Amino acid sequence: MSQPNPIFPFVAIVGQESLKLALILNIINPSLAGVLIRGEKGTAKSTAVRSLAQILPAIEVFEGDPFQLDPRTEAELLAELSAAVGLSRLVEPRIVQRQIRVVELPVGATEDRLVGTLDLERALKTGEKRVEPGLLAAAHRGILYVDEVNLLDDHLVDALLDSAAMGGCSIEREGVSLTHPARFTLVGTMNPEEGELRPQLLDRFGLCVHVSGTLELAQRVAVLERRAAFEENPEAFVASWAAESERLAQKISQAQKLLAEVKVSQESLYEIARLCLEVGVDGHRGDIVIHKAAKAMAAWRGQTEVTPADLEAAAELALPHRVRRQPLQALADNLDLRRNQARDSRSPKAGPSQKPAPGL
C-alpha cells in the first residue's frame, strides 16, 4: 500500500546548506529554541521544515497520552492531566516509542486551537467539564512550525511568548484550570517583504537564516530534475533517497549522544562574549545561543572540543536577528573582520587604519 501524501525528502533538497544546518543543530540540541527562516517564496523553506519529520529521532511517550509527557521526568503529572481530559485509562499506560512530530500552527488559528479549551460537546452531553488540549500540548517535546509567522495575530504571538517563557501552557476556561508542560522547538518561515516580526518574538528564535534562490545554473537544473521526478512518482523518488535519509538520521543520533561530552574552553567563552559586544548584541541571549550552537556544531562533526570554526558558524546563525546597531546585511562583513582580528588580537594592524565594518 502506497504512503499517503509522500513528503519531499530532506536530503534531496538542493543547496540551502545554512537552512539545513540550522534545523539539524536544533534537533541535536532542542534547547537552541528554534530557527527563523527568512526569504522569498519558492526557496524550499516550507519543504525543508515539513520534510524534517523524516529524520527526527524517536522518543518515549505514554501510549494514548495527548500531552506527550516524558515517562522519565514527567510521569507524576500523568494522573492529573489524564483526569482533566477524561482519560482515566492513562493512569498506568505502557510506554511506547514514536517519532518527534512537526506540529503546524496555521496563521488563521484561534487561541483556543493553540492553547486548548473546554470540551463543549462533552459538557453539553454529560455536564462534565473536560479539557480539550491544543496544539501546544501536541508540540511538547517536538517542533511547532509556523508558516508566515510574521502574519500571526498578536494574541497568538502573546500565547507563544508566554509558553516559551514558562515552558508550559495554562488553560483557563469556565472554572477549569490546568497547566501542562509545553517545551518545543519553534520554527517559523517568513517573507520579509510581507512585514517584520515583533522584537519580542524575534528574539525567541535561537537561530536565523536567510535563504534565496540559487544563482548557479547546475543547481537550478538539479532543482528542476528532482522536483519533476518527485511529482512523476513520489513513492519511487522517496525510496531512492531512503538510504541517505537513514545515514543522516544516524549521524544526528550520534551527535545527540556526543553533545554532553563537548567542552568549550575558557578562551572560547571570552571570544563569544567579545564577539557579541563588538557587533552590538543586546542582552545575553545571543551569547548563550552561540555557546549552545557551537557545542552542537562540534558534536555534528563528531568532535568533543569546540573550535574557532565552530564559533564562527554558530555566530553566523545566532546573530543576524539580534544585531541592533547596524543593518543586517552588514553582519557578514563584521564577522569577517572579527575573524581577522581574532587571528592576531595583539597585532597593531587592527588600529585606526583598519576600515570599520558598516554601521558600527
# chains A, B, ... in the order shown; residues from 1 in each chain; ligands from 1
$ residues_around --residues "range 161-165 of chain A" --least-positions-apart "5" --cutoff "9 Å" --atoms "only C-alpha atoms" --output "PyMOL selection string"
chain A and resi 33+136+156+170+181-184+186+200-201+204
$ write_last_selection --atoms "N, CA and C atoms" --output "mmCIF file, in the first residue's frame"
data_model
loop_
_atom_site.group_PDB
_atom_site.id
_atom_site.type_symbol
_atom_site.label_atom_id
_atom_site.label_comp_id
_atom_site.auth_asym_id
_atom_site.auth_seq_id
_atom_site.Cartn_x
_atom_site.Cartn_y
_atom_site.Cartn_z
ATOM 1 N N ALA A 33 16.141 26.519 20.912
ATOM 2 C CA ALA A 33 14.877 27.287 20.859
ATOM 3 C C ALA A 33 14.434 27.651 19.454
ATOM 4 N N LEU A 136 -0.251 23.359 21.470
ATOM 5 C CA LEU A 136 0.925 23.439 22.328
ATOM 6 C C LEU A 136 1.161 22.124 23.070
ATOM 7 N N LEU A 156 -2.054 35.428 19.341
ATOM 8 C CA LEU A 156 -1.339 34.162 19.205
ATOM 9 C C LEU A 156 0.142 34.334 19.531
ATOM 10 N N SER A 170 -1.050 27.221 30.189
ATOM 11 C CA SER A 170 -2.158 27.243 31.140
ATOM 12 C C SER A 170 -3.474 27.401 30.398
ATOM 13 N N PRO A 181 3.065 20.835 30.628
ATOM 14 C CA PRO A 181 4.351 21.209 30.005
ATOM 15 C C PRO A 181 4.165 21.509 28.516
ATOM 16 N N ALA A 182 4.919 22.469 28.032
ATOM 17 C CA ALA A 182 4.894 22.798 26.596
ATOM 18 C C ALA A 182 6.254 23.355 26.216
ATOM 19 N N ARG A 183 7.208 22.467 26.102
ATOM 20 C CA ARG A 183 8.558 22.850 25.672
ATOM 21 C C ARG A 183 8.749 22.325 24.256
ATOM 22 N N PHE A 184 8.956 23.233 23.339
ATOM 23 C CA PHE A 184 9.003 22.854 21.933
ATOM 24 C C PHE A 184 10.053 23.678 21.208
ATOM 25 N N LEU A 186 10.596 26.040 18.206
ATOM 26 C CA LEU A 186 9.775 26.902 17.354
ATOM 27 C C LEU A 186 10.492 27.155 16.034
ATOM 28 N N GLN A 200 9.913 41.023 20.422
ATOM 29 C CA GLN A 200 9.852 40.032 21.494
ATOM 30 C C GLN A 200 9.844 38.617 20.941
ATOM 31 N N LEU A 201 9.106 38.398 19.848
ATOM 32 C CA LEU A 201 9.058 37.065 19.243
ATOM 33 C C LEU A 201 10.332 36.783 18.463
ATOM 34 N N ARG A 204 13.058 35.292 20.449
ATOM 35 C CA ARG A 204 12.817 33.950 20.972
ATOM 36 C C ARG A 204 13.367 32.866 20.044
#
$ residues_around --residues "Glu312 in chain A" --least-positions-apart "3" --cutoff "9 Å" --atoms "only C-alpha atoms" --output "PDB file with N, CA and C atoms, in the first residue's frame"
ATOM      1  N   ILE A 290      25.008  31.182  20.950  1.00  0.00           N
ATOM      2  CA  ILE A 290      26.263  30.857  20.266  1.00  0.00           C
ATOM      3  C   ILE A 290      26.962  29.705  20.984  1.00  0.00           C
ATOM      4  N   ALA A 294      27.564  26.273  19.062  1.00  0.00           N
ATOM      5  CA  ALA A 294      28.937  25.845  18.811  1.00  0.00           C
ATOM      6  C   ALA A 294      29.168  24.421  19.327  1.00  0.00           C
ATOM      7  N   THR A 307      35.893  24.402  18.267  1.00  0.00           N
ATOM      8  CA  THR A 307      36.979  25.083  17.567  1.00  0.00           C
ATOM      9  C   THR A 307      36.543  26.489  17.159  1.00  0.00           C
ATOM     10  N   PRO A 308      37.500  27.356  16.766  1.00  0.00           N
ATOM     11  CA  PRO A 308      37.118  28.676  16.258  1.00  0.00           C
ATOM     12  C   PRO A 308      36.154  28.597  15.079  1.00  0.00           C
ATOM     13  N   ALA A 309      36.300  27.585  14.227  1.00  0.00           N
ATOM     14  CA  ALA A 309      35.387  27.430  13.097  1.00  0.00           C
ATOM     15  C   ALA A 309      33.961  27.153  13.579  1.00  0.00           C
ATOM     16  N   ALA A 315      27.994  31.769  15.257  1.00  0.00           N
ATOM     17  CA  ALA A 315      27.700  33.202  15.279  1.00  0.00           C
ATOM     18  C   ALA A 315      26.923  33.634  14.041  1.00  0.00           C
ATOM     19  N   GLU A 316      27.242  33.054  12.897  1.00  0.00           N
ATOM     20  CA  GLU A 316      26.554  33.429  11.660  1.00  0.00           C
ATOM     21  C   GLU A 316      25.078  33.026  11.678  1.00  0.00           C
ATOM     22  N   LEU A 317      24.745  32.039  12.522  1.00  0.00           N
ATOM     23  CA  LEU A 317      23.358  31.609  12.634  1.00  0.00           C
ATOM     24  C   LEU A 317      22.636  32.274  13.797  1.00  0.00           C
ATOM     25  N   LEU A 335      31.550  39.888  10.835  1.00  0.00           N
ATOM     26  CA  LEU A 335      32.108  38.607  11.246  1.00  0.00           C
ATOM     27  C   LEU A 335      33.446  38.338  10.556  1.00  0.00           C
ATOM     28  N   ARG A 339      36.952  37.727  12.468  1.00  0.00           N
ATOM     29  CA  ARG A 339      37.819  36.564  12.253  1.00  0.00           C
ATOM     30  C   ARG A 339      39.267  36.999  12.061  1.00  0.00           C
TER      31      ARG A 339
END
$ closest_residue --among "A:Leu152, A:Val103, A:Leu118, A:Ala318" --to "His284 in chain A" --atoms "only C-alpha atoms"
A:Ala318
$ residues_around --residues "range 99-101 of chain A" --least-positions-apart "6" --cutoff "9 Å" --atoms "only C-alpha atoms" --output "PyMOL selection string"
chain A and resi 53-60+138-139+141-144
$ closest_atom_pairs --of "range 197-253 of chain A" --to "range 9-27 of chain A" --cutoff "8 Å" --atoms "only C-alpha atoms" --output "CSV"
residue,atom,partner,partner_atom,distance
A:Leu207,CA,A:Ala22,CA,6.8
A:Cys208,CA,A:Ala22,CA,7.8
A:Val209,CA,A:Leu19,CA,6.1
A:His210,CA,A:Leu19,CA,7.8
A:Val211,CA,A:Gln16,CA,6.8
A:Thr214,CA,A:Gly15,CA,7.5
A:Gln219,CA,A:Val14,CA,6.7
A:Ala222,CA,A:Val14,CA,7.0
A:Val223,CA,A:Val14,CA,6.1
A:Arg226,CA,A:Ala12,CA,7.6
A:Val238,CA,A:Pro9,CA,6.2
A:Trp241,CA,A:Pro9,CA,7.0
A:Glu244,CA,A:Val11,CA,6.9
A:Ser245,CA,A:Val11,CA,6.1
A:Leu248,CA,A:Val11,CA,7.9
A:Ile252,CA,A:Ile24,CA,7.4
$ write_last_selection --atoms "C-alpha atoms" --output "compact mmCIF listing (two decimals), in the first residue's frame"
# COMPACT_ATOMS: atom_id res chain seq x y z
CA LEU A 207 18.93 30.81 15.12
CA CYS A 208 18.09 32.75 11.97
CA VAL A 209 18.89 32.04 8.32
CA HIS A 210 18.18 33.99 5.16
CA VAL A 211 17.50 31.87 2.10
CA THR A 214 20.41 29.69 -6.14
CA GLN A 219 21.91 23.73 -9.08
CA ALA A 222 19.09 19.92 -10.29
CA VAL A 223 16.11 21.56 -8.55
CA ARG A 226 14.44 16.41 -8.66
CA VAL A 238 11.34 8.97 -1.72
CA TRP A 241 16.70 8.71 -1.08
CA GLU A 244 20.81 8.67 2.56
CA SER A 245 17.99 9.77 4.85
CA LEU A 248 21.65 11.39 8.12
CA ILE A 252 22.19 13.13 14.08
